[in-house]
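*Asks:* File run-v9.cif below, mmCIF, N, CA and C atoms:
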data_query
loop_
_atom_site.label_atom_id
_atom_site.label_comp_id
_atom_site.auth_asym_id
_atom_site.auth_seq_id
_atom_site.Cartn_x
_atom_site.Cartn_y
_atom_site.Cartn_z
N MET A 252 10.27 23.65 -0.17
CA MET A 252 11.30 22.62 -0.30
C MET A 252 11.78 22.56 -1.75
N THR A 253 13.06 22.31 -1.96
CA THR A 253 13.57 22.10 -3.30
C THR A 253 13.46 20.62 -3.62
N ASN A 254 13.75 20.25 -4.86
CA ASN A 254 13.62 18.85 -5.27
C ASN A 254 14.48 17.91 -4.44
N THR A 255 15.58 18.42 -3.87
CA THR A 255 16.46 17.54 -3.10
C THR A 255 16.11 17.53 -1.62
N ASP A 256 15.18 18.40 -1.20
CA ASP A 256 14.79 18.45 0.21
C ASP A 256 13.79 17.34 0.52
N THR A 257 14.11 16.56 1.54
CA THR A 257 13.17 15.57 2.04
C THR A 257 13.24 15.61 3.55
N LYS A 258 12.19 15.12 4.17
CA LYS A 258 12.14 15.05 5.62
C LYS A 258 11.61 13.67 5.97
N THR A 259 12.40 12.88 6.70
CA THR A 259 11.99 11.54 7.08
C THR A 259 11.60 11.54 8.55
N ILE A 260 10.41 11.04 8.82
CA ILE A 260 9.81 11.06 10.15
C ILE A 260 9.52 9.63 10.59
N PRO A 261 9.96 9.24 11.80
CA PRO A 261 9.57 7.92 12.32
C PRO A 261 8.06 7.91 12.61
N VAL A 262 7.38 6.85 12.18
CA VAL A 262 5.93 6.78 12.35
C VAL A 262 5.51 5.39 12.82
N ILE A 263 4.28 5.34 13.33
CA ILE A 263 3.60 4.08 13.62
C ILE A 263 2.51 3.94 12.56
N LEU A 264 2.52 2.81 11.85
CA LEU A 264 1.54 2.53 10.82
C LEU A 264 0.57 1.47 11.32
N THR A 265 -0.71 1.74 11.23
CA THR A 265 -1.73 0.74 11.51
C THR A 265 -2.39 0.44 10.18
N ILE A 266 -2.17 -0.77 9.69
CA ILE A 266 -2.62 -1.15 8.36
C ILE A 266 -3.72 -2.19 8.49
N ARG A 267 -4.90 -1.83 8.03
CA ARG A 267 -6.03 -2.77 8.05
C ARG A 267 -6.29 -3.19 6.62
N ALA A 268 -6.22 -4.47 6.38
CA ALA A 268 -6.45 -5.02 5.04
C ALA A 268 -7.70 -5.87 5.05
N ILE A 269 -8.51 -5.71 4.03
CA ILE A 269 -9.73 -6.50 3.87
C ILE A 269 -9.68 -7.14 2.50
N GLN A 270 -9.85 -8.46 2.47
CA GLN A 270 -9.86 -9.20 1.21
C GLN A 270 -11.18 -9.95 1.13
N ASN A 271 -11.98 -9.62 0.13
CA ASN A 271 -13.25 -10.31 -0.10
C ASN A 271 -13.15 -11.07 -1.41
N PHE A 272 -12.81 -12.34 -1.30
CA PHE A 272 -12.72 -13.17 -2.49
C PHE A 272 -14.11 -13.64 -2.85
N ASP A 273 -14.35 -13.81 -4.14
CA ASP A 273 -15.66 -14.24 -4.61
C ASP A 273 -16.09 -15.52 -3.89
N GLY A 274 -17.29 -15.49 -3.34
CA GLY A 274 -17.84 -16.66 -2.68
C GLY A 274 -17.39 -16.84 -1.24
N THR A 275 -16.72 -15.85 -0.64
CA THR A 275 -16.29 -15.97 0.75
C THR A 275 -16.79 -14.78 1.56
N ASP A 276 -16.72 -14.91 2.88
CA ASP A 276 -17.13 -13.83 3.79
C ASP A 276 -16.08 -12.74 3.89
N GLY A 277 -14.87 -13.03 3.46
CA GLY A 277 -13.81 -12.02 3.52
C GLY A 277 -12.83 -12.29 4.64
N ASP A 278 -11.64 -11.78 4.46
CA ASP A 278 -10.56 -11.96 5.40
C ASP A 278 -10.10 -10.57 5.84
N HIS A 279 -10.09 -10.35 7.15
CA HIS A 279 -9.67 -9.07 7.70
C HIS A 279 -8.37 -9.29 8.48
N SER A 280 -7.43 -8.38 8.30
CA SER A 280 -6.21 -8.45 9.08
C SER A 280 -5.78 -7.03 9.45
N GLU A 281 -5.07 -6.93 10.56
CA GLU A 281 -4.58 -5.63 10.99
C GLU A 281 -3.15 -5.79 11.47
N LEU A 282 -2.30 -4.87 11.05
CA LEU A 282 -0.90 -4.88 11.41
C LEU A 282 -0.53 -3.51 11.95
N MET A 283 0.12 -3.49 13.10
CA MET A 283 0.67 -2.24 13.63
C MET A 283 2.18 -2.41 13.63
N THR A 284 2.87 -1.46 12.99
CA THR A 284 4.31 -1.59 12.85
C THR A 284 4.97 -0.21 12.81
N GLU A 285 6.25 -0.20 13.11
CA GLU A 285 7.02 1.03 12.99
C GLU A 285 7.53 1.15 11.57
N GLY A 286 7.61 2.38 11.10
CA GLY A 286 8.11 2.63 9.76
C GLY A 286 8.56 4.06 9.65
N THR A 287 8.68 4.52 8.44
CA THR A 287 9.06 5.91 8.21
C THR A 287 8.10 6.55 7.21
N MET A 288 7.95 7.85 7.35
CA MET A 288 7.23 8.65 6.37
C MET A 288 8.22 9.71 5.88
N THR A 289 8.48 9.69 4.60
CA THR A 289 9.36 10.68 4.00
C THR A 289 8.49 11.69 3.26
N VAL A 290 8.66 12.95 3.62
CA VAL A 290 7.91 14.04 2.98
C VAL A 290 8.79 14.61 1.88
N THR A 291 8.28 14.61 0.65
CA THR A 291 9.01 15.17 -0.47
C THR A 291 8.18 16.29 -1.09
N GLU A 292 8.74 16.99 -2.01
CA GLU A 292 8.00 18.05 -2.70
C GLU A 292 6.81 17.47 -3.47
N GLU A 293 6.96 16.23 -3.96
CA GLU A 293 5.91 15.60 -4.76
C GLU A 293 4.84 14.89 -3.94
N GLY A 294 5.15 14.54 -2.69
CA GLY A 294 4.18 13.79 -1.89
C GLY A 294 4.81 13.11 -0.69
N PHE A 295 4.46 11.84 -0.50
CA PHE A 295 4.89 11.10 0.68
C PHE A 295 5.35 9.70 0.29
N LEU A 296 6.31 9.17 1.07
CA LEU A 296 6.71 7.77 0.99
C LEU A 296 6.49 7.17 2.36
N LEU A 297 5.69 6.11 2.44
CA LEU A 297 5.51 5.35 3.67
C LEU A 297 6.23 4.03 3.48
N SER A 298 7.10 3.67 4.42
CA SER A 298 7.90 2.47 4.24
C SER A 298 8.02 1.69 5.55
N TYR A 299 7.99 0.37 5.44
CA TYR A 299 8.17 -0.50 6.62
C TYR A 299 8.68 -1.85 6.18
N GLU A 300 9.24 -2.57 7.15
CA GLU A 300 9.76 -3.92 6.92
C GLU A 300 8.67 -4.94 7.27
N GLU A 301 8.41 -5.86 6.36
CA GLU A 301 7.46 -6.94 6.62
C GLU A 301 8.08 -7.93 7.61
N THR A 302 7.23 -8.72 8.25
CA THR A 302 7.69 -9.70 9.22
C THR A 302 7.11 -11.08 8.89
N ALA A 303 7.51 -12.07 9.67
CA ALA A 303 6.98 -13.42 9.49
C ALA A 303 5.47 -13.44 9.69
N LEU A 304 4.94 -12.52 10.51
CA LEU A 304 3.49 -12.46 10.74
C LEU A 304 2.71 -12.22 9.45
N THR A 305 3.28 -11.46 8.53
CA THR A 305 2.59 -11.18 7.27
C THR A 305 2.93 -12.20 6.20
N GLY A 306 3.91 -13.06 6.49
CA GLY A 306 4.34 -14.05 5.51
C GLY A 306 5.28 -13.46 4.47
N LEU A 307 5.70 -12.22 4.67
CA LEU A 307 6.56 -11.54 3.71
C LEU A 307 7.87 -11.09 4.33
N ASP A 308 8.33 -11.81 5.38
CA ASP A 308 9.58 -11.40 6.03
C ASP A 308 10.70 -11.33 5.00
N GLY A 309 11.61 -10.38 5.19
CA GLY A 309 12.67 -10.17 4.21
C GLY A 309 12.24 -9.27 3.07
N THR A 310 11.10 -8.61 3.23
CA THR A 310 10.55 -7.74 2.19
C THR A 310 10.30 -6.35 2.77
N THR A 311 10.65 -5.33 2.00
CA THR A 311 10.35 -3.95 2.37
C THR A 311 9.15 -3.49 1.54
N THR A 312 8.16 -2.91 2.21
CA THR A 312 6.97 -2.38 1.52
C THR A 312 7.00 -0.87 1.59
N THR A 313 6.77 -0.24 0.44
CA THR A 313 6.74 1.22 0.34
C THR A 313 5.49 1.65 -0.41
N PHE A 314 4.78 2.62 0.16
CA PHE A 314 3.65 3.26 -0.51
C PHE A 314 4.14 4.64 -0.95
N THR A 315 4.14 4.91 -2.25
CA THR A 315 4.51 6.22 -2.78
C THR A 315 3.22 6.94 -3.12
N VAL A 316 2.98 8.07 -2.45
CA VAL A 316 1.73 8.82 -2.58
C VAL A 316 2.01 10.15 -3.26
N LYS A 317 1.45 10.36 -4.46
CA LYS A 317 1.61 11.65 -5.14
C LYS A 317 0.62 11.77 -6.28
N ASP A 318 0.17 12.98 -6.51
CA ASP A 318 -0.67 13.32 -7.66
C ASP A 318 -1.87 12.39 -7.87
N GLY A 319 -2.62 12.10 -6.80
CA GLY A 319 -3.82 11.27 -6.93
C GLY A 319 -3.55 9.83 -7.26
N GLN A 320 -2.34 9.38 -6.99
CA GLN A 320 -1.94 8.01 -7.29
C GLN A 320 -1.11 7.45 -6.14
N VAL A 321 -1.29 6.17 -5.87
CA VAL A 321 -0.48 5.48 -4.86
C VAL A 321 0.15 4.27 -5.54
N VAL A 322 1.46 4.12 -5.36
CA VAL A 322 2.17 2.96 -5.88
C VAL A 322 2.69 2.16 -4.70
N LEU A 323 2.25 0.91 -4.59
CA LEU A 323 2.73 0.00 -3.56
C LEU A 323 3.86 -0.82 -4.18
N THR A 324 5.05 -0.72 -3.59
CA THR A 324 6.20 -1.45 -4.10
C THR A 324 6.73 -2.36 -3.00
N ARG A 325 6.95 -3.62 -3.36
CA ARG A 325 7.57 -4.57 -2.43
C ARG A 325 8.88 -5.04 -3.04
N THR A 326 9.95 -5.01 -2.23
CA THR A 326 11.25 -5.48 -2.70
C THR A 326 11.85 -6.40 -1.65
N GLY A 327 12.55 -7.42 -2.10
CA GLY A 327 13.16 -8.39 -1.20
C GLY A 327 12.80 -9.79 -1.65
N LYS A 328 12.30 -10.60 -0.71
CA LYS A 328 11.90 -11.96 -1.05
C LYS A 328 10.74 -11.97 -2.03
N VAL A 329 9.87 -10.97 -1.93
CA VAL A 329 8.76 -10.79 -2.87
C VAL A 329 8.96 -9.45 -3.55
N ASN A 330 8.84 -9.43 -4.87
CA ASN A 330 8.98 -8.20 -5.64
C ASN A 330 7.69 -7.94 -6.41
N SER A 331 7.11 -6.78 -6.18
CA SER A 331 5.88 -6.45 -6.89
C SER A 331 5.69 -4.94 -6.89
N GLN A 332 4.83 -4.52 -7.78
CA GLN A 332 4.42 -3.13 -7.82
C GLN A 332 2.95 -3.10 -8.21
N MET A 333 2.16 -2.40 -7.40
CA MET A 333 0.73 -2.25 -7.68
C MET A 333 0.43 -0.76 -7.73
N VAL A 334 -0.26 -0.32 -8.79
CA VAL A 334 -0.58 1.09 -8.97
C VAL A 334 -2.07 1.29 -8.71
N PHE A 335 -2.37 2.23 -7.81
CA PHE A 335 -3.75 2.56 -7.45
C PHE A 335 -4.04 3.99 -7.91
N GLN A 336 -5.04 4.14 -8.78
CA GLN A 336 -5.46 5.45 -9.25
C GLN A 336 -6.96 5.36 -9.50
N GLU A 337 -7.71 6.17 -8.75
CA GLU A 337 -9.17 6.06 -8.78
C GLU A 337 -9.70 6.14 -10.21
N GLY A 338 -10.57 5.14 -10.54
CA GLY A 338 -11.19 5.09 -11.86
C GLY A 338 -10.33 4.49 -12.94
N CYS A 339 -9.13 4.03 -12.61
CA CYS A 339 -8.20 3.49 -13.62
C CYS A 339 -7.84 2.04 -13.32
N ARG A 340 -7.49 1.32 -14.39
CA ARG A 340 -7.00 -0.06 -14.27
C ARG A 340 -5.51 -0.06 -14.62
N HIS A 341 -4.73 -0.74 -13.76
CA HIS A 341 -3.30 -0.89 -14.01
C HIS A 341 -2.94 -2.37 -13.90
N THR A 342 -2.08 -2.84 -14.79
CA THR A 342 -1.61 -4.23 -14.77
C THR A 342 -0.15 -4.24 -14.39
N SER A 343 0.21 -5.16 -13.50
CA SER A 343 1.60 -5.27 -13.09
C SER A 343 1.97 -6.74 -12.89
N LEU A 344 3.24 -6.96 -12.65
CA LEU A 344 3.76 -8.30 -12.43
C LEU A 344 4.03 -8.49 -10.95
N TYR A 345 3.59 -9.60 -10.39
CA TYR A 345 3.80 -9.93 -8.98
C TYR A 345 4.74 -11.13 -8.95
N GLU A 346 5.98 -10.90 -8.51
CA GLU A 346 6.98 -11.97 -8.48
C GLU A 346 7.05 -12.60 -7.11
N THR A 347 6.97 -13.93 -7.07
CA THR A 347 7.11 -14.68 -5.83
C THR A 347 8.23 -15.71 -6.02
N PRO A 348 8.65 -16.35 -4.95
CA PRO A 348 9.67 -17.41 -5.10
C PRO A 348 9.16 -18.57 -5.97
N PHE A 349 7.84 -18.65 -6.20
CA PHE A 349 7.26 -19.75 -6.95
C PHE A 349 6.97 -19.38 -8.40
N GLY A 350 7.19 -18.12 -8.77
CA GLY A 350 6.93 -17.68 -10.14
C GLY A 350 6.27 -16.32 -10.16
N ALA A 351 6.00 -15.82 -11.36
CA ALA A 351 5.40 -14.49 -11.53
C ALA A 351 3.97 -14.60 -12.00
N LEU A 352 3.13 -13.66 -11.55
CA LEU A 352 1.72 -13.61 -11.93
C LEU A 352 1.39 -12.22 -12.45
N SER A 353 0.47 -12.16 -13.39
CA SER A 353 -0.05 -10.88 -13.86
C SER A 353 -1.20 -10.47 -12.94
N VAL A 354 -1.16 -9.21 -12.46
CA VAL A 354 -2.19 -8.72 -11.53
C VAL A 354 -2.79 -7.43 -12.11
N ASP A 355 -4.12 -7.43 -12.26
CA ASP A 355 -4.85 -6.24 -12.70
C ASP A 355 -5.49 -5.59 -11.49
N ILE A 356 -5.29 -4.28 -11.33
CA ILE A 356 -5.85 -3.52 -10.22
C ILE A 356 -6.80 -2.47 -10.78
N GLN A 357 -8.06 -2.49 -10.36
CA GLN A 357 -9.04 -1.47 -10.72
C GLN A 357 -9.42 -0.74 -9.43
N THR A 358 -8.95 0.50 -9.29
CA THR A 358 -9.18 1.26 -8.06
C THR A 358 -10.54 1.94 -8.13
N CYS A 359 -11.39 1.66 -7.14
CA CYS A 359 -12.71 2.30 -7.11
C CYS A 359 -12.76 3.45 -6.12
N ARG A 360 -11.80 3.50 -5.18
CA ARG A 360 -11.76 4.61 -4.23
C ARG A 360 -10.33 4.83 -3.76
N LEU A 361 -9.91 6.09 -3.75
CA LEU A 361 -8.60 6.46 -3.24
C LEU A 361 -8.75 7.77 -2.51
N ARG A 362 -8.54 7.74 -1.18
CA ARG A 362 -8.64 8.93 -0.35
C ARG A 362 -7.35 9.06 0.45
N CYS A 363 -6.82 10.28 0.50
CA CYS A 363 -5.57 10.52 1.21
C CYS A 363 -5.68 11.82 1.99
N SER A 364 -5.38 11.76 3.28
CA SER A 364 -5.37 12.97 4.11
C SER A 364 -4.05 13.05 4.89
N LEU A 365 -2.95 12.73 4.22
CA LEU A 365 -1.64 12.73 4.88
C LEU A 365 -1.07 14.14 4.97
N THR A 366 -0.47 14.42 6.13
CA THR A 366 0.32 15.64 6.35
C THR A 366 1.58 15.20 7.08
N GLU A 367 2.44 16.14 7.40
CA GLU A 367 3.66 15.82 8.16
C GLU A 367 3.33 15.28 9.55
N ARG A 368 2.13 15.47 10.02
CA ARG A 368 1.72 15.00 11.34
C ARG A 368 1.06 13.62 11.30
N GLY A 369 0.87 13.07 10.10
CA GLY A 369 0.23 11.77 9.96
C GLY A 369 -1.03 11.88 9.13
N GLY A 370 -1.97 10.96 9.36
CA GLY A 370 -3.23 11.00 8.64
C GLY A 370 -3.68 9.62 8.19
N LEU A 371 -4.52 9.60 7.16
CA LEU A 371 -5.12 8.36 6.67
C LEU A 371 -4.90 8.19 5.18
N LEU A 372 -4.78 6.94 4.78
CA LEU A 372 -4.75 6.55 3.38
C LEU A 372 -5.76 5.42 3.23
N ASP A 373 -6.75 5.61 2.36
CA ASP A 373 -7.84 4.65 2.19
C ASP A 373 -7.91 4.25 0.72
N ILE A 374 -7.72 2.96 0.43
CA ILE A 374 -7.71 2.46 -0.95
C ILE A 374 -8.67 1.28 -1.04
N ARG A 375 -9.59 1.33 -1.98
CA ARG A 375 -10.49 0.20 -2.25
C ARG A 375 -10.36 -0.16 -3.72
N TYR A 376 -10.21 -1.45 -3.98
CA TYR A 376 -9.92 -1.87 -5.35
C TYR A 376 -10.38 -3.30 -5.61
N SER A 377 -10.58 -3.60 -6.89
CA SER A 377 -10.82 -4.99 -7.29
C SER A 377 -9.54 -5.52 -7.89
N ILE A 378 -9.37 -6.81 -7.79
CA ILE A 378 -8.13 -7.43 -8.25
C ILE A 378 -8.47 -8.62 -9.16
N ALA A 379 -7.67 -8.75 -10.20
CA ALA A 379 -7.77 -9.91 -11.09
C ALA A 379 -6.37 -10.50 -11.23
N ILE A 380 -6.28 -11.81 -11.07
CA ILE A 380 -4.99 -12.49 -11.19
C ILE A 380 -5.02 -13.31 -12.47
N GLN A 381 -4.01 -13.10 -13.29
CA GLN A 381 -3.96 -13.73 -14.62
C GLN A 381 -5.24 -13.39 -15.39
N HIS A 382 -5.75 -12.17 -15.21
CA HIS A 382 -6.93 -11.60 -15.89
C HIS A 382 -8.24 -12.27 -15.49
N THR A 383 -8.24 -12.96 -14.34
CA THR A 383 -9.46 -13.56 -13.80
C THR A 383 -9.81 -12.85 -12.50
N ALA A 384 -11.00 -12.23 -12.46
CA ALA A 384 -11.42 -11.49 -11.27
C ALA A 384 -11.45 -12.41 -10.06
N THR A 385 -10.88 -11.91 -8.95
CA THR A 385 -10.84 -12.73 -7.74
C THR A 385 -11.54 -12.09 -6.55
N GLY A 386 -11.81 -10.78 -6.59
CA GLY A 386 -12.52 -10.19 -5.46
C GLY A 386 -12.26 -8.72 -5.29
N GLN A 387 -12.76 -8.21 -4.14
CA GLN A 387 -12.63 -6.81 -3.76
C GLN A 387 -11.72 -6.72 -2.54
N ASN A 388 -10.81 -5.76 -2.55
CA ASN A 388 -9.86 -5.59 -1.46
C ASN A 388 -9.83 -4.14 -1.01
N ALA A 389 -9.26 -3.92 0.18
CA ALA A 389 -9.11 -2.56 0.69
C ALA A 389 -7.92 -2.49 1.62
N PHE A 390 -7.28 -1.33 1.62
CA PHE A 390 -6.25 -0.97 2.60
C PHE A 390 -6.74 0.29 3.30
N ARG A 391 -6.62 0.31 4.61
CA ARG A 391 -6.85 1.55 5.37
C ARG A 391 -5.62 1.70 6.26
N ILE A 392 -4.85 2.73 5.99
CA ILE A 392 -3.59 2.93 6.69
C ILE A 392 -3.66 4.20 7.51
N ARG A 393 -3.50 4.06 8.81
CA ARG A 393 -3.46 5.21 9.72
C ARG A 393 -1.98 5.45 10.05
N VAL A 394 -1.56 6.69 9.88
CA VAL A 394 -0.17 7.07 10.11
C VAL A 394 -0.13 8.02 11.31
N ARG A 395 0.68 7.66 12.33
CA ARG A 395 0.88 8.53 13.50
C ARG A 395 2.37 8.74 13.68
N THR A 396 2.75 9.97 13.98
CA THR A 396 4.16 10.22 14.26
C THR A 396 4.53 9.51 15.55
N LYS A 397 5.76 9.01 15.58
CA LYS A 397 6.25 8.29 16.75
C LYS A 397 6.81 9.30 17.75
N ASN A 398 6.30 9.27 18.97
CA ASN A 398 6.77 10.23 19.99
C ASN A 398 7.66 9.55 20.99
#
The structure given in the file should be rewritten as structure tokens.

*Replies:*
Amino acid sequence: MTNTDTKTIPVILTIRAIQNFDGTDGDHSELMTEGTMTVTEEGFLLSYEETALTGLDGTTTTFTVKDGQVVLTRTGKVNSQMVFQEGCRHTSLYETPFGALSVDIQTCRLRCSLTERGGLLDIRYSIAIQHTATGQNAFRIRVRTKN
């Protein structure tokens, strides 16, 4: 593929999120939604529209996967960018209708087995809001082509 070649594939995304806040048993959620996977020379883009079920309706979420790094970008009613890179800490701004917060992400595990046929994306990380540690989180995203 050349730099301008991309291939967009309709997919079904099953996203399992686990949030373990300090002092709690943890919160588990699972979302199954339709989205797209764009295959580029550099990697993959997974994109889907949030709904009222996630509390982020009016927001598009995109995972950009390339070179051992995943960038989660949300645009719309909520604007944020979170960078996941195993063994690294990244700080970003999380904008909400109520104001902006500083978010520190320390990725402890990043595994990706995506191909044009689908696959898995597994991210485990700790999060600090306004530089105060709040807990351990994880995303496990299963990607299946839509038939």

*Asks:* Counting only N, CA and C atoms, give me one row per residue of segment 257-289 of chain A with an atom at most 8 Å from an atom of segment 366-370 of chain A, showing the shortest contact pair and its distance in Å to one decimal, sorted by chain then residue number, as a Markdown table.

*Replies:*
| residue | atom | partner | partner_atom | distance |
| --- | --- | --- | --- | --- |
| A:Ile260 | CA | A:Glu367 | C | 7.8 |
| A:Val262 | CA | A:Gly369 | CA | 7.9 |
| A:Met288 | C | A:Glu367 | CA | 8.0 |

*Asks:* Quick one: which segment 296-337 of chain A residues come within 7 Å of segment 345-362 of chain A, and what is the nearest atom pair for each with the distance in Å to one decimal, counting only C-alpha atoms, rows ordered by chain and ascending number, as a Markdown table?

*Replies:*
| residue | atom | partner | partner_atom | distance |
| --- | --- | --- | --- | --- |
| A:Val329 | CA | A:Thr347 | CA | 5.2 |
| A:Asn330 | CA | A:Glu346 | CA | 5.1 |
| A:Ser331 | CA | A:Tyr345 | CA | 4.6 |
| A:Gln332 | CA | A:Tyr345 | CA | 6.9 |
| A:Phe335 | CA | A:Thr358 | CA | 5.6 |
| A:Gln336 | CA | A:Thr358 | CA | 5.7 |
| A:Glu337 | CA | A:Thr358 | CA | 4.9 |

*Asks:* State, in Å with one decimal place, the distance from atom CA of Thr311 of chain A to atom C of Ser298 of chain A.

*Replies:*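 Atom CA of Thr311 of chain A sits 6.9 Å away from atom C of Ser298 of chain A.
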
*Asks:* Taking all atoms listed in the file into account, name the residue in A:Val322, A:Ala303, A:Val316, A:Ile392 that is nearest to Leu371 of chain A.

*Replies:*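 Under the stated criterion, the closest residue is A:Ile392.
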
*Asks:* Which of segment 287-396 of chain A end up as strand (DSSP E) when DSSP is run on this backbone - answer as a ChimeraX atom specification?

*Replies:* /A:287-290,294-300,310-317,320-327,330-335,340-347,350-363,369-380,383-396

*Asks:* List, as JSON, numbers by chain, every residue that the PyMOL selection byres ((chain A and resi 398) around 8) selects in the file provided.

*Replies:* {"A": [261, 262, 263, 395, 396, 397]}

*Asks:* What does the distance between atom C of Arg375 of chain A and atom C of Asn388 of chain A come to in Å, to one decimal place?

*Replies:*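 Going from atom C of Arg375 of chain A over to atom C of Asn388 of chain A, I get 4.8 Å.
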
*Asks:* To test your reading of the syntax: which residues would the PyMOL selection byres (((chain A and resi 382 and name CA) around 12) and name CA) return for the file shown? Reply as a short mmCIF file (atom, residue, chain, number, x, y, z; two decimals) with N, CA and C atoms, in the coordinates of the input.

*Replies:*
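Written output follows (expr-v2.cif):
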data_model
loop_
_atom_site.label_atom_id
_atom_site.label_comp_id
_atom_site.auth_asym_id
_atom_site.auth_seq_id
_atom_site.Cartn_x
_atom_site.Cartn_y
_atom_site.Cartn_z
N ARG A 340 -7.49 1.32 -14.39
CA ARG A 340 -7.00 -0.06 -14.27
C ARG A 340 -5.51 -0.06 -14.62
N HIS A 341 -4.73 -0.74 -13.76
CA HIS A 341 -3.30 -0.89 -14.01
C HIS A 341 -2.94 -2.37 -13.90
N THR A 342 -2.08 -2.84 -14.79
CA THR A 342 -1.61 -4.23 -14.77
C THR A 342 -0.15 -4.24 -14.39
N SER A 343 0.21 -5.16 -13.50
CA SER A 343 1.60 -5.27 -13.09
C SER A 343 1.97 -6.74 -12.89
N LEU A 344 3.24 -6.96 -12.65
CA LEU A 344 3.76 -8.30 -12.43
C LEU A 344 4.03 -8.49 -10.95
N LEU A 352 3.13 -13.66 -11.55
CA LEU A 352 1.72 -13.61 -11.93
C LEU A 352 1.39 -12.22 -12.45
N SER A 353 0.47 -12.16 -13.39
CA SER A 353 -0.05 -10.88 -13.86
C SER A 353 -1.20 -10.47 -12.94
N VAL A 354 -1.16 -9.21 -12.46
CA VAL A 354 -2.19 -8.72 -11.53
C VAL A 354 -2.79 -7.43 -12.11
N ASP A 355 -4.12 -7.43 -12.26
CA ASP A 355 -4.85 -6.24 -12.70
C ASP A 355 -5.49 -5.59 -11.49
N ILE A 356 -5.29 -4.28 -11.33
CA ILE A 356 -5.85 -3.52 -10.22
C ILE A 356 -6.80 -2.47 -10.78
N GLN A 357 -8.06 -2.49 -10.36
CA GLN A 357 -9.04 -1.47 -10.72
C GLN A 357 -9.42 -0.74 -9.43
N SER A 377 -10.58 -3.60 -6.89
CA SER A 377 -10.82 -4.99 -7.29
C SER A 377 -9.54 -5.52 -7.89
N ILE A 378 -9.37 -6.81 -7.79
CA ILE A 378 -8.13 -7.43 -8.25
C ILE A 378 -8.47 -8.62 -9.16
N ALA A 379 -7.67 -8.75 -10.20
CA ALA A 379 -7.77 -9.91 -11.09
C ALA A 379 -6.37 -10.50 -11.23
N ILE A 380 -6.28 -11.81 -11.07
CA ILE A 380 -4.99 -12.49 -11.19
C ILE A 380 -5.02 -13.31 -12.47
N GLN A 381 -4.01 -13.10 -13.29
CA GLN A 381 -3.96 -13.73 -14.62
C GLN A 381 -5.24 -13.39 -15.39
N THR A 383 -8.24 -12.96 -14.34
CA THR A 383 -9.46 -13.56 -13.80
C THR A 383 -9.81 -12.85 -12.50
N ALA A 384 -11.00 -12.23 -12.46
CA ALA A 384 -11.42 -11.49 -11.27
C ALA A 384 -11.45 -12.41 -10.06
N THR A 385 -10.88 -11.91 -8.95
CA THR A 385 -10.84 -12.73 -7.74
C THR A 385 -11.54 -12.09 -6.55
N GLY A 386 -11.81 -10.78 -6.59
CA GLY A 386 -12.52 -10.19 -5.46
C GLY A 386 -12.26 -8.72 -5.29
#

*Asks:* Would you mind telling me which residue in A:Glu301, A:Gly338, A:Thr291, A:Gly306 lies nearest to Arg325 of chain A when using only C-alpha atoms?

*Replies:*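 Selected residue with least distance to Arg325 of chain A: A:Glu301.
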